[in-house]
Each structure stands twice: as structure tokens, then as C-alpha cells.
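**Q** my_file_23.txt (compact mmCIF, C-alpha atoms) pasted underneath:
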```txt
# COMPACT_ATOMS: atom_id res chain seq x y z
CA MET D 228 -13.19 25.15 -75.06
CA LEU D 229 -16.45 23.21 -74.78
CA ASP D 230 -19.88 24.68 -74.15
CA LYS D 231 -22.34 22.89 -71.87
CA GLU D 232 -23.84 20.90 -74.74
CA ALA D 233 -20.41 19.66 -75.80
CA ILE D 234 -19.54 18.63 -72.22
CA ALA D 235 -22.77 16.61 -72.19
CA LYS D 236 -21.93 15.14 -75.60
CA ARG D 237 -18.49 14.04 -74.42
CA ILE D 238 -19.94 12.46 -71.25
CA ALA D 239 -22.49 10.58 -73.34
CA GLN D 240 -19.56 8.67 -74.88
CA GLU D 241 -18.85 7.22 -71.42
CA ILE D 242 -22.18 5.43 -71.16
CA GLN D 243 -21.92 1.67 -71.51
CA ASN D 244 -24.45 -0.41 -73.39
CA ASN D 245 -27.28 -1.87 -71.26
CA SER D 246 -26.64 0.31 -68.23
CA TYR D 247 -28.80 2.03 -65.61
CA VAL D 248 -27.84 5.69 -65.25
CA ASN D 249 -28.87 8.51 -62.91
CA LEU D 250 -28.50 12.06 -64.24
CA GLY D 251 -28.24 15.05 -61.90
CA ILE D 252 -29.59 18.56 -62.45
CA GLY D 253 -27.90 20.91 -64.95
CA ILE D 254 -25.38 19.74 -67.55
CA PRO D 255 -25.96 16.05 -66.64
CA THR D 256 -29.61 16.33 -67.73
CA LEU D 257 -28.38 17.28 -71.23
CA VAL D 258 -26.44 14.01 -71.55
CA ALA D 259 -29.66 12.18 -72.42
CA ASN D 260 -29.80 14.12 -75.70
CA TYR D 261 -26.52 12.63 -76.97
CA ILE D 262 -26.75 8.89 -76.38
CA PRO D 263 -25.44 7.08 -79.47
CA ASN D 264 -28.05 5.00 -81.32
CA ASN D 265 -26.24 1.73 -80.65
CA ILE D 266 -26.26 2.28 -76.87
CA ASN D 267 -29.17 0.97 -74.83
CA VAL D 268 -29.53 2.92 -71.59
CA CYS D 269 -32.21 3.14 -68.89
CA PHE D 270 -32.41 6.43 -67.00
CA GLN D 271 -33.41 6.48 -63.35
CA SER D 272 -35.00 9.56 -61.87
CA GLU D 273 -34.71 9.38 -58.09
CA ASN D 274 -38.18 10.79 -57.50
CA GLY D 275 -39.46 7.38 -58.56
CA LEU D 276 -39.04 6.42 -62.22
CA LEU D 277 -36.98 4.00 -64.26
CA GLY D 278 -37.28 4.36 -68.02
CA MET D 279 -37.44 8.13 -68.24
CA GLY D 280 -38.14 9.38 -71.76
CA PRO D 281 -37.76 12.74 -73.47
CA PHE D 282 -39.61 15.93 -72.54
CA PRO D 283 -43.29 15.74 -73.52
CA LYS D 284 -45.08 17.46 -76.36
CA GLU D 285 -47.42 20.20 -75.16
CA ILE D 286 -50.46 17.89 -75.26
CA GLU D 287 -48.65 15.13 -73.35
CA VAL D 288 -47.71 17.30 -70.33
CA ASP D 289 -48.72 15.58 -67.07
CA PRO D 290 -48.17 17.44 -63.78
CA ASP D 291 -47.95 14.06 -62.01
CA LEU D 292 -44.99 13.00 -64.14
CA ILE D 293 -41.74 14.91 -63.50
CA ASN D 294 -38.04 14.19 -63.19
CA ALA D 295 -35.82 14.91 -60.19
CA GLY D 296 -35.16 18.39 -61.62
CA LYS D 297 -38.95 18.97 -61.41
CA GLN D 298 -39.24 19.15 -65.21
CA THR D 299 -42.17 17.53 -66.98
CA ILE D 300 -41.10 14.28 -68.58
CA THR D 301 -42.40 11.16 -70.39
CA MET D 302 -42.04 7.43 -69.79
CA LEU D 303 -40.63 4.97 -72.32
CA PRO D 304 -42.19 1.55 -72.98
CA GLY D 305 -41.09 -0.72 -70.13
CA ALA D 306 -40.89 2.12 -67.61
CA ALA D 307 -41.54 1.43 -63.93
CA LEU D 308 -42.76 3.70 -61.14
CA PHE D 309 -41.95 3.40 -57.43
CA ASP D 310 -41.72 5.47 -54.26
CA SER D 311 -38.77 7.40 -52.86
CA ALA D 312 -37.77 4.65 -50.41
CA MET D 313 -37.50 2.02 -53.15
CA SER D 314 -35.73 4.56 -55.35
CA PHE D 315 -32.98 5.11 -52.79
CA GLY D 316 -33.08 1.43 -51.96
CA MET D 317 -31.98 0.58 -55.50
CA ILE D 318 -29.36 3.34 -55.32
CA HIS D 319 -27.84 2.03 -52.08
CA ALA D 320 -28.11 -1.58 -53.27
CA GLN D 321 -25.80 -0.43 -56.13
CA LYS D 322 -28.19 -1.30 -58.93
CA ILE D 323 -27.33 1.99 -60.68
CA ASP D 324 -24.27 1.58 -62.93
CA LEU D 325 -23.37 5.23 -63.42
CA THR D 326 -24.17 8.53 -61.70
CA ILE D 327 -23.48 11.79 -63.52
CA LEU D 328 -23.70 14.97 -61.47
CA GLY D 329 -22.52 18.55 -61.20
CA ALA D 330 -20.10 19.91 -58.60
CA MET D 331 -18.82 23.14 -57.11
CA GLU D 332 -15.49 21.54 -56.14
CA VAL D 333 -13.75 18.19 -56.55
CA SER D 334 -10.57 17.26 -54.69
CA GLU D 335 -7.65 15.20 -55.99
CA ASN D 336 -8.71 12.24 -53.83
CA GLY D 337 -12.24 12.23 -55.27
CA ASP D 338 -14.13 14.20 -52.60
CA ILE D 339 -17.01 16.27 -53.94
CA ALA D 340 -18.78 19.43 -52.72
CA ASN D 341 -21.97 20.52 -54.44
CA TRP D 342 -24.71 21.53 -52.03
CA LYS D 343 -23.85 24.61 -49.99
CA ILE D 344 -21.72 27.77 -49.78
CA PRO D 345 -21.86 28.73 -46.08
CA GLY D 346 -23.59 32.04 -45.50
CA LYS D 347 -24.25 32.62 -49.21
CA MET D 348 -26.12 29.85 -50.90
CA VAL D 349 -27.82 26.67 -49.81
CA LYS D 350 -29.37 24.33 -52.32
CA GLY D 351 -29.50 21.26 -50.14
CA MET D 352 -28.02 17.89 -50.94
CA GLY D 353 -31.20 16.40 -52.37
CA GLY D 354 -30.29 12.88 -53.46
CA ALA D 355 -26.63 13.66 -54.12
CA MET D 356 -25.25 12.39 -50.79
CA ASP D 357 -27.03 9.08 -51.30
CA LEU D 358 -25.89 8.76 -54.91
CA VAL D 359 -22.23 9.52 -54.20
CA ALA D 360 -22.15 7.26 -51.13
CA SER D 361 -23.23 4.21 -53.10
CA ALA D 362 -22.58 4.73 -56.83
CA LYS D 363 -20.34 2.23 -58.58
CA ASN D 364 -19.12 4.91 -60.98
CA ILE D 365 -19.41 8.69 -60.71
CA ILE D 366 -18.65 11.17 -63.46
CA VAL D 367 -18.73 14.88 -62.62
CA ALA D 368 -19.75 17.45 -65.23
CA MET D 369 -18.62 20.95 -64.33
CA GLN D 370 -16.75 24.10 -65.28
CA HIS D 371 -13.00 23.87 -64.64
CA VAL D 372 -12.92 27.25 -62.88
CA ASN D 373 -15.59 29.23 -61.00
CA LYS D 374 -16.96 32.64 -61.93
CA ALA D 375 -14.10 34.31 -60.02
CA GLY D 376 -11.61 32.38 -62.18
CA GLU D 377 -10.55 30.05 -59.34
CA SER D 378 -9.90 26.37 -59.96
CA LYS D 379 -12.61 23.92 -58.93
CA LEU D 380 -10.15 20.99 -59.09
CA LEU D 381 -8.41 21.30 -55.75
CA PRO D 382 -5.95 19.55 -53.43
CA ALA D 383 -8.81 19.49 -50.87
CA CYS D 384 -12.36 20.83 -51.03
CA THR D 385 -12.98 24.09 -49.15
CA LEU D 386 -16.80 23.87 -49.23
CA PRO D 387 -18.92 21.47 -47.14
CA LEU D 388 -18.57 17.98 -48.57
CA THR D 389 -21.25 15.92 -50.27
CA GLY D 390 -19.20 12.72 -50.24
CA ILE D 391 -15.66 11.44 -49.89
CA ARG D 392 -13.37 9.47 -52.22
CA CYS D 393 -16.09 8.80 -54.74
CA VAL D 394 -15.56 10.75 -58.00
CA LYS D 395 -13.96 8.64 -60.73
CA LYS D 396 -13.90 11.01 -63.70
CA ILE D 397 -14.42 14.71 -64.49
CA VAL D 398 -15.40 16.32 -67.77
CA THR D 399 -14.98 20.11 -67.98
CA GLU D 400 -14.95 22.69 -70.75
CA LEU D 401 -11.16 22.16 -70.92
CA ALA D 402 -10.44 18.50 -70.28
CA VAL D 403 -11.33 14.94 -69.35
CA LEU D 404 -9.56 13.78 -66.20
CA SER D 405 -9.68 10.64 -64.11
CA ILE D 406 -9.01 10.51 -60.39
CA LEU D 407 -6.35 7.98 -59.52
CA PRO D 408 -6.93 5.60 -56.57
CA GLU D 409 -3.75 6.94 -54.94
CA GLY D 410 -4.92 10.56 -55.54
CA GLY D 411 -4.34 13.09 -58.31
CA PHE D 412 -6.12 14.28 -61.45
CA LYS D 413 -4.81 12.32 -64.42
CA LEU D 414 -5.22 14.29 -67.63
CA LEU D 415 -6.79 12.04 -70.27
CA GLU D 416 -7.98 14.39 -73.02
CA ARG D 417 -7.91 18.06 -73.98
CA ALA D 418 -10.86 19.98 -75.41
CA PRO D 419 -10.27 20.89 -79.07
CA GLY D 420 -7.79 23.76 -79.30
CA VAL D 421 -7.03 23.83 -75.55
CA SER D 422 -3.36 23.47 -74.58
CA VAL D 423 -1.97 21.39 -71.73
CA GLU D 424 -0.58 24.67 -70.39
CA THR D 425 -4.11 26.15 -70.12
CA ILE D 426 -5.30 23.06 -68.23
CA LYS D 427 -2.30 23.25 -65.88
CA LYS D 428 -3.10 26.88 -65.06
CA ALA D 429 -6.75 26.03 -64.35
CA THR D 430 -5.99 23.05 -62.09
CA LEU D 431 -4.92 23.74 -58.50
CA GLY D 432 -4.86 20.10 -57.38
CA LYS D 433 -2.15 17.61 -58.32
CA LEU D 434 -2.25 17.17 -62.11
CA ILE D 435 -0.66 14.12 -63.66
CA ILE D 436 0.38 14.38 -67.29
CA GLU D 437 1.89 11.37 -69.01
CA GLY D 438 2.94 11.47 -72.66
CA GLU D 439 0.99 13.16 -75.41
CA ILE D 440 -2.53 14.19 -74.38
CA PRO D 441 -5.00 13.65 -77.22
CA GLU D 442 -7.84 16.01 -78.12
CA MET D 443 -11.38 14.85 -77.42
CA ALA D 444 -12.96 13.21 -80.44
CA PHE D 445 -16.51 14.10 -81.47
CA ASP D 446 -18.53 12.59 -84.30
CA MET E 260 -64.73 -2.08 -43.62
CA ILE E 261 -63.77 0.65 -41.20
CA ASN E 262 -64.93 3.97 -42.59
CA LYS E 263 -62.20 6.63 -42.66
CA LYS E 264 -64.11 9.23 -44.64
CA VAL E 265 -64.26 12.81 -43.45
CA ALA E 266 -66.06 15.69 -45.14
CA ASN E 267 -63.24 17.96 -46.15
CA ALA E 268 -59.76 19.33 -45.43
CA GLU E 269 -60.98 21.41 -42.45
CA GLU E 270 -62.39 18.35 -40.72
CA ALA E 271 -59.31 16.30 -41.59
CA ILE E 272 -56.91 18.77 -39.95
CA HIS E 273 -59.23 19.97 -37.16
CA ASP E 274 -57.03 18.75 -34.29
CA ILE E 275 -53.64 19.83 -35.65
CA GLN E 276 -52.30 22.32 -33.12
CA ASP E 277 -49.58 24.92 -32.75
CA GLY E 278 -46.22 23.19 -32.30
CA ASP E 279 -47.15 19.90 -33.97
CA THR E 280 -44.80 17.92 -36.20
CA LEU E 281 -46.23 17.18 -39.64
CA MET E 282 -45.03 15.06 -42.52
CA LEU E 283 -46.15 16.35 -45.90
CA GLY E 284 -45.84 14.22 -49.04
CA GLY E 285 -44.74 15.39 -52.45
CA PHE E 286 -41.62 16.07 -54.50
CA GLY E 287 -41.42 19.68 -55.61
CA LEU E 288 -45.07 20.47 -56.33
CA CYS E 289 -45.76 16.94 -57.60
CA GLY E 290 -48.13 15.01 -55.33
CA ILE E 291 -48.41 17.65 -52.60
CA PRO E 292 -51.53 17.66 -50.39
CA GLU E 293 -52.61 21.06 -51.68
CA LYS E 294 -56.08 21.03 -50.07
CA CYS E 295 -54.75 20.32 -46.56
CA ILE E 296 -51.98 22.91 -46.99
CA ALA E 297 -54.62 25.50 -47.94
CA ALA E 298 -56.63 24.53 -44.86
CA LEU E 299 -53.56 24.83 -42.61
CA VAL E 300 -52.93 28.30 -44.06
CA ARG E 301 -56.55 29.31 -43.37
CA LYS E 302 -56.40 27.90 -39.84
CA GLY E 303 -53.26 29.96 -39.19
CA ILE E 304 -51.65 27.58 -36.71
CA LYS E 305 -48.01 28.30 -35.98
CA ASN E 306 -44.70 26.88 -34.72
CA LEU E 307 -45.05 23.81 -36.90
CA THR E 308 -42.23 21.42 -37.64
CA CYS E 309 -42.64 20.19 -41.21
CA ILE E 310 -40.92 17.13 -42.64
CA SER E 311 -41.10 17.39 -46.41
CA ASN E 312 -38.59 16.85 -49.21
CA ASN E 313 -39.05 20.45 -50.41
CA ALA E 314 -41.04 23.47 -49.27
CA GLY E 315 -43.02 24.07 -52.44
CA VAL E 316 -42.39 27.34 -54.25
CA ASP E 317 -42.76 30.88 -52.91
CA VAL E 318 -46.42 31.12 -53.89
CA PHE E 319 -47.68 27.53 -53.65
CA GLY E 320 -47.46 24.50 -51.41
CA ILE E 321 -45.58 24.77 -48.12
CA GLY E 322 -44.12 28.04 -49.44
CA LEU E 323 -47.48 29.61 -48.51
CA MET E 324 -46.98 28.52 -44.89
CA LEU E 325 -43.42 29.88 -44.89
CA GLN E 326 -44.63 33.27 -46.14
CA LEU E 327 -47.00 33.46 -43.15
CA LYS E 328 -44.29 32.30 -40.71
CA GLN E 329 -46.33 29.27 -39.66
CA VAL E 330 -43.31 27.01 -39.77
CA LYS E 331 -40.72 26.94 -36.99
CA LYS E 332 -38.60 24.17 -38.44
CA MET E 333 -38.27 22.43 -41.80
CA ILE E 334 -36.67 19.01 -42.24
CA SER E 335 -35.98 18.70 -45.98
CA SER E 336 -33.40 17.59 -48.51
CA TYR E 337 -33.59 20.37 -51.08
CA VAL E 338 -34.17 24.12 -50.86
CA GLY E 339 -33.05 25.12 -54.35
CA GLU E 340 -35.43 27.24 -56.43
CA ASN E 341 -37.41 28.39 -53.41
CA ALA E 342 -36.15 31.94 -52.75
CA GLU E 343 -38.16 32.59 -49.57
CA PHE E 344 -37.11 29.24 -48.06
CA GLU E 345 -33.44 29.96 -48.80
CA ARG E 346 -33.77 33.53 -47.47
CA GLN E 347 -35.34 32.40 -44.15
CA LEU E 348 -32.69 29.68 -43.85
CA LEU E 349 -29.73 32.03 -44.42
CA SER E 350 -31.18 34.74 -42.14
CA GLY E 351 -31.76 32.20 -39.38
CA GLU E 352 -35.50 33.00 -39.11
CA LEU E 353 -36.30 29.40 -39.90
CA ASP E 354 -34.67 26.39 -38.30
CA VAL E 355 -33.75 24.07 -41.19
CA GLU E 356 -32.37 20.57 -40.93
CA LEU E 357 -31.13 19.46 -44.34
CA ILE E 358 -30.75 15.71 -44.69
CA PRO E 359 -30.04 13.41 -47.63
CA GLN E 360 -33.13 12.54 -49.64
CA GLY E 361 -32.69 8.80 -49.18
CA THR E 362 -32.28 9.30 -45.44
CA LEU E 363 -35.54 11.27 -45.44
CA ALA E 364 -37.30 8.40 -47.21
CA PHE E 365 -35.73 5.71 -45.02
CA ARG E 366 -36.54 7.53 -41.76
CA CYS E 367 -40.19 7.61 -42.88
CA MET E 368 -40.01 3.99 -43.98
CA ALA E 369 -38.51 2.94 -40.65
CA ALA E 370 -41.41 4.57 -38.80
CA GLY E 371 -43.92 2.80 -41.05
CA TYR E 372 -42.25 -0.56 -40.54
CA GLY E 373 -41.88 -0.22 -36.78
CA MET E 374 -38.09 -0.04 -36.94
CA PRO E 375 -36.40 2.43 -34.55
CA ALA E 376 -33.54 3.30 -36.93
CA ILE E 377 -31.70 2.44 -40.13
CA TYR E 378 -28.07 2.48 -41.27
CA THR E 379 -27.10 4.42 -44.40
CA PRO E 380 -23.78 5.43 -45.98
CA ALA E 381 -25.27 8.76 -47.13
CA GLY E 382 -23.49 11.63 -45.38
CA ILE E 383 -20.42 9.72 -44.19
CA GLY E 384 -17.48 12.14 -44.03
CA THR E 385 -19.77 15.19 -44.25
CA GLU E 386 -21.36 17.56 -41.75
CA VAL E 387 -24.48 15.36 -41.83
CA ALA E 388 -22.50 12.77 -39.86
CA ILE E 389 -21.66 15.10 -36.97
CA GLY E 390 -22.81 13.66 -33.65
CA LYS E 391 -24.19 10.47 -35.18
CA GLU E 392 -23.20 6.89 -34.44
CA VAL E 393 -21.02 5.37 -37.18
CA ARG E 394 -20.78 1.63 -37.63
CA ASN E 395 -18.68 -0.34 -40.05
CA PHE E 396 -20.24 -3.26 -41.92
CA ASN E 397 -18.12 -5.28 -44.37
CA GLY E 398 -15.47 -2.57 -44.56
CA LYS E 399 -17.82 0.35 -45.23
CA ASP E 400 -19.00 3.04 -42.79
CA TYR E 401 -22.69 3.71 -42.17
CA LEU E 402 -24.58 6.32 -40.14
CA LEU E 403 -27.30 5.41 -37.69
CA GLU E 404 -30.40 7.43 -38.58
CA LYS E 405 -33.49 7.29 -36.39
CA ALA E 406 -37.10 6.79 -37.48
CA PHE E 407 -39.15 9.99 -37.63
CA GLU E 408 -41.80 10.69 -35.07
CA ALA E 409 -44.59 12.86 -36.42
CA ASN E 410 -48.00 13.64 -34.93
CA PHE E 411 -49.59 13.82 -38.37
CA SER E 412 -48.79 12.67 -41.88
CA ILE E 413 -50.58 14.42 -44.71
CA VAL E 414 -50.49 12.81 -48.13
CA LYS E 415 -52.11 13.18 -51.52
CA ALA E 416 -53.21 10.15 -53.55
CA TRP E 417 -54.84 9.74 -56.95
CA LYS E 418 -57.58 7.31 -55.89
CA GLY E 419 -58.72 6.07 -52.54
CA ASP E 420 -61.64 4.25 -50.97
CA THR E 421 -63.45 5.00 -47.74
CA ALA E 422 -61.48 2.16 -46.08
CA GLY E 423 -58.37 4.30 -46.59
CA ASN E 424 -56.72 2.24 -49.34
CA LEU E 425 -54.63 4.45 -51.63
CA ILE E 426 -53.41 4.38 -55.23
CA PHE E 427 -50.94 6.93 -56.61
CA LYS E 428 -50.32 8.14 -60.13
CA ALA E 429 -46.95 8.31 -61.88
CA THR E 430 -44.21 10.14 -59.95
CA SER E 431 -46.66 11.69 -57.49
CA ARG E 432 -46.11 8.56 -55.38
CA ASN E 433 -42.66 9.79 -54.21
CA PHE E 434 -42.72 10.29 -50.39
CA ASN E 435 -46.48 9.88 -50.09
CA THR E 436 -46.43 6.11 -49.50
CA VAL E 437 -43.75 6.04 -46.81
CA MET E 438 -45.13 9.15 -45.11
CA ALA E 439 -48.64 7.66 -45.12
CA MET E 440 -47.19 4.68 -43.27
CA ALA E 441 -45.21 6.83 -40.81
CA GLY E 442 -47.75 9.12 -39.15
CA LYS E 443 -49.40 8.59 -35.79
CA ILE E 444 -52.44 10.02 -37.55
CA THR E 445 -52.42 9.90 -41.34
CA ILE E 446 -54.63 12.16 -43.43
CA ALA E 447 -55.07 11.36 -47.11
CA GLU E 448 -56.62 13.67 -49.68
CA VAL E 449 -57.56 12.06 -52.97
CA GLU E 450 -58.79 13.12 -56.39
CA GLU E 451 -61.24 10.27 -56.57
CA LEU E 452 -62.92 8.65 -53.54
CA VAL E 453 -64.84 5.41 -54.04
CA GLU E 454 -66.62 2.77 -51.96
CA PRO E 455 -64.78 -0.34 -50.71
CA GLY E 456 -64.64 -2.97 -53.46
CA GLU E 457 -64.28 -0.52 -56.30
CA LEU E 458 -60.48 -0.46 -56.23
CA ASP E 459 -58.59 -3.56 -57.34
CA PRO E 460 -56.80 -4.93 -54.24
CA ASN E 461 -53.89 -5.90 -56.54
CA GLN E 462 -53.29 -2.25 -57.31
CA ILE E 463 -53.28 -0.78 -53.77
CA HIS E 464 -50.03 1.05 -52.90
CA VAL E 465 -50.90 1.87 -49.27
CA PRO E 466 -53.35 -0.36 -47.37
CA GLY E 467 -56.02 1.49 -45.41
CA ILE E 468 -54.73 0.36 -42.02
CA TYR E 469 -52.17 3.18 -42.27
CA VAL E 470 -54.77 5.82 -43.11
CA HIS E 471 -56.98 7.40 -40.45
CA ARG E 472 -58.85 10.08 -42.40
CA ILE E 473 -59.61 10.38 -46.08
CA PHE E 474 -61.48 12.96 -48.13
CA LYS E 475 -61.99 13.92 -51.73
CA GLY E 476 -60.42 17.21 -52.77
CA SER E 477 -61.85 19.08 -55.72
CA ASP E 478 -60.41 21.37 -58.39
CA TYR E 479 -56.81 20.30 -57.97
CA GLU E 480 -54.49 22.95 -59.35
CA LYS E 481 -51.49 20.62 -59.73
CA ARG E 482 -49.15 23.45 -60.54
CA ILE E 483 -46.08 22.59 -62.59
CA GLU E 484 -42.78 23.96 -61.36
CA LYS E 485 -40.80 23.58 -64.60
CA LYS E 486 -42.94 22.86 -67.60
CA THR E 487 -40.50 21.57 -70.20
CA THR E 488 -41.68 20.49 -73.64
CA THR E 489 -40.40 19.50 -77.05
CA VAL E 490 -42.03 20.25 -80.38
```
Can you dump the structure from the file as C-alpha cells?
**A**
Amino acid sequence: MLDKEAIAKRIAQEIQNNSYVNLGIGIPTLVANYIPNNINVCFQSENGLLGMGPFPKEIEVDPDLINAGKQTITMLPGAALFDSAMSFGMIHAQKIDLTILGAMEVSENGDIANWKIPGKMVKGMGGAMDLVASAKNIIVAMQHVNKAGESKLLPACTLPLTGIRCVKKIVTELAVLSILPEGGFKLLERAPGVSVETIKKATLGKLIIEGEIPEMAFD
Amino acid sequence: MINKKVANAEEAIHDIQDGDTLMLGGFGLCGIPEKCIAALVRKGIKNLTCISNNAGVDVFGIGLMLQLKQVKKMISSYVGENAEFERQLLSGELDVELIPQGTLAFRCMAAGYGMPAIYTPAGIGTEVAIGKEVRNFNGKDYLLEKAFEANFSIVKAWKGDTAGNLIFKATSRNFNTVMAMAGKITIAEVEELVEPGELDPNQIHVPGIYVHRIFKGSDYEKRIEKKTTTV
């Protein structure tokens, strides 16, 4: 079973060279720590920055420079700043190659829910509805089951939707799965030491298993 | 040059009344008009509709206005990490319209560009789409979203001149530019206020035609919501 850092590390392997990537709040933010040295990536922060760098040293902290998770941040050489309209303009114009975000539920046809539990919790959609409506490629980082032990990979989402038919891949503490165009979670990889049986039990939506399922490989 | 300078936050907001609709710039606590918010809190006006990406935190920014029940309705994209905002939303004390962040930006932009509405795919297939016109372009569905109408826009810039030209720093630009362009009356508070000619026209982010009142704020707190550092 993977911890959050390992989920981030596995997702980092998905990032293509010379790509523009938007990272959501939570586990996705950690992905930036695991980019292989031979991969050139430019991170977009939807509050108005391309070329986001690592967290600052104490003396570099600038309250005017934050990421979309409201954390203090730095800029890399070649960074560019812009306003929120241009930021979502480049998102909807599909200039971003990959969006990585968290989810409360994902359905077997790629619907995602991640902003609200009616009557209990409301975070708001922030930029997520824009990102999922226009992203070329979406990878979801999340736990396979919720705190009550219920599957988050479902035949259909039960929570209010963020977007429809948009998620392409999911990385959880148990597995890597892709969502097939015709529907269904296709099991691609198992976390080290996790059996196919465990993944079956944790997946309520249609799970497609073909042949031997390899374990995830880490350096 | 037309002089937009006013003395202070009190003078800048003097005619904002109970029931007005305000746009307030900023993302989290970054680039919020903290001097005007403090003046609105002191003035104690109520029943405001506030259009702002967030509502500050419980003890700073628009959160201060929520604590005092000055806000009737919030139009925002993100509530997370603001306990009082979430509490008032869930209890129904506060009317909250949550909309996608890009839609928020584009509805401001549309107002600033004189466009009545825009089309966006954000929210298609979700509860955001309920009751809205959907139109298909090139095989993809889009929602019709109307330009905002606000009595006042209140923004915070890094530098400005008395002609109302504004320059922003780093990610504090966020919604401030499009909101500055969108208000019937736009109020800008700046850290540094100079005479016309002192700012490089090449560097201006918002031309002064959009700005009606400008003043220099002092002793900016610029609180940080999540200070995150490495060694």
C-alpha cells in the first residue's frame, strides 16, 4: 500500500518531457517533488503563474507570491505572471497538457466529484470545474476508499459532480487504473504487495482485469 | 491627466451603501484591498453582496465582514479553509453562490470589455449548469454566463499614479485587473502612489480610464495564509 508521497512519486512518472502541468491541492502538490531529472516540466498555478518553483527559504518568503493552494512559492527563471482571466483563458484554450487533481469520487465513465458533500462540507469548486472541462489529460490522485471504508471508484458518482467524462487515469494507494472510453476502470498496476483481490474488493465500479497485473516500479 | 486621487479609504468608500454589490480583488489573502475592507468594517454597512474568489480567513479580509454579518450574499469559487464562511453557508445564514473560478474571472472580464456574456464549458453536466442556456459549438457544450454588474469594484495594486494607472506585483494581480475593469465605480488602493509620468507606460496593467478613485494605503499587513518554506 502506498502512502501519499509514493502516490505522488508514481504520478510523477506520468509527466511527459516539455509539458505544461497544473497541480491541484493535496497529494498533487507533492508530485512536483518527484520529477525525474531528465524531464523538463513547467508548472502552472491558476492564480496567475507559469514557471512555479519550489517553496521559498525563510528569507525569500513574499506574501505577494503564492500558489493556488495559498502556499508561499518561488518563481523559476523564465517564469511569467498574468491575471486570473488569462490563466483560465490558457486552460480553456487547452494549452495545459496535464491536470493532476484530487477527488472524492470517480465514476467508471470518468465523471469526477470533488467539491461538496451536501449538508456536511462545502469546499467550492475553485478552478477544478474549469480544469476538468478543458484539460487534454486528467490524472486523479486519491485514496481508493473513504474513511468509512467505502469505495471511491463507483459505477456512478453519488456526490455533486465537478465534471463529466473527463478523468483518464487514477493513482491510488492500491493501484493505477485507466478509464476506458467505453467505460470501466482498467487495472494497469498494483501497489507493491497489494493483491488483485484487494483491489477488486475496494472497487465498486466495473473493474477490468486482463492478464497478469504488474506491480508498480519505483526507482 | 484626470486626477483620481482621494485622501484615504474612508473617502474612497464614502458612498457605498447598505445593499450594494461589491467586487473585491484578491486570491486568498494575496492582493486583497485590506484598507478598504477595514474601512467597510468600521462603517458597518450591511446587506452587501460581495463578488470575490474567496472570503479571506476568519480573522482577516472579507472574513471580518462575515463575522459582523455585513454580507448578505457571497459569489465566490472557493470556501475551503474559512470555517466561519463554511458555517454560515451550511446553516443558511449567508446566501452563497459558488461558481467556477474561470467563470468568475470571465464574468468580470466580460463586464470590463463591454460584452454581455461569455460561453464556457466549465460546469457542463453539473449543478452549476441548472437553468442556464447551453449551446453546442464544434461538438462541445458550453454554458452561457452573463457579465457581472457591480456598483463598486475595490482592488489593491502595488503601484499606481494619480491618473489611476495600476501595476501589480507577482500573483497579487489575480482578479484585481479584471475586477478593476468591471466596476461602475472602481476604487484602487496602492502601496505606492506617484505622479503621472513616473510609471513606465509599457508596464501598466490597468489603464487609469477604468479607475475612478485611488489612494495610498500605509502599513500593509499582507498576511500569509499558508507560509510554506524549505531549508
**Q** In Å, with one decimal, what is the gap from CA of Ile293 in chain D to CA of Gln370 in chain D?
**A**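 Separation between CA of Ile293 in chain D and CA of Gln370 in chain D: 26.7 Å.
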**Q** I need the chain D residues near chain E as a VMD selection string; criterion: at most 7 Å, counting all atoms listed in the file.
**A** chain D and resid 274 to 276 282 to 285 290 to 293 297 to 299 308 to 312 315 346 349 to 354 356 to 357 360 387 to 391
**Q** What gap, in Å, lies between CA of Lys418 in chain E and CA of Ile261 in chain E?
**A** 17.3 Å
**Q** Grab all the atoms of range 350-361 of chain E that the file lists, wrap them in a box along x, y and z, add 5 Å per side, and give me centre plus edge lengths in Å (one decimal) as JSON.
**A**
```
{"center_x": -33.2, "center_y": 21.8, "center_z": -44.0, "size_x": 16.3, "size_y": 35.9, "size_z": 21.3}
```
**Q** Measuring between all atoms listed in the file, which one of E:Ile291, E:Ala388, E:Ile304, E:Ile468 shows the shortest distance to Val449 in chain E?
**A** E:Ile291
**Q** Which residue gives the smallest distance to Ile365 in chain D among D:Ile440, D:Ile344, D:Ala330, D:Leu380, with all atoms listed in the file counted?
**A**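 Distance minimum relative to Ile365 in chain D lands on D:Ala330.
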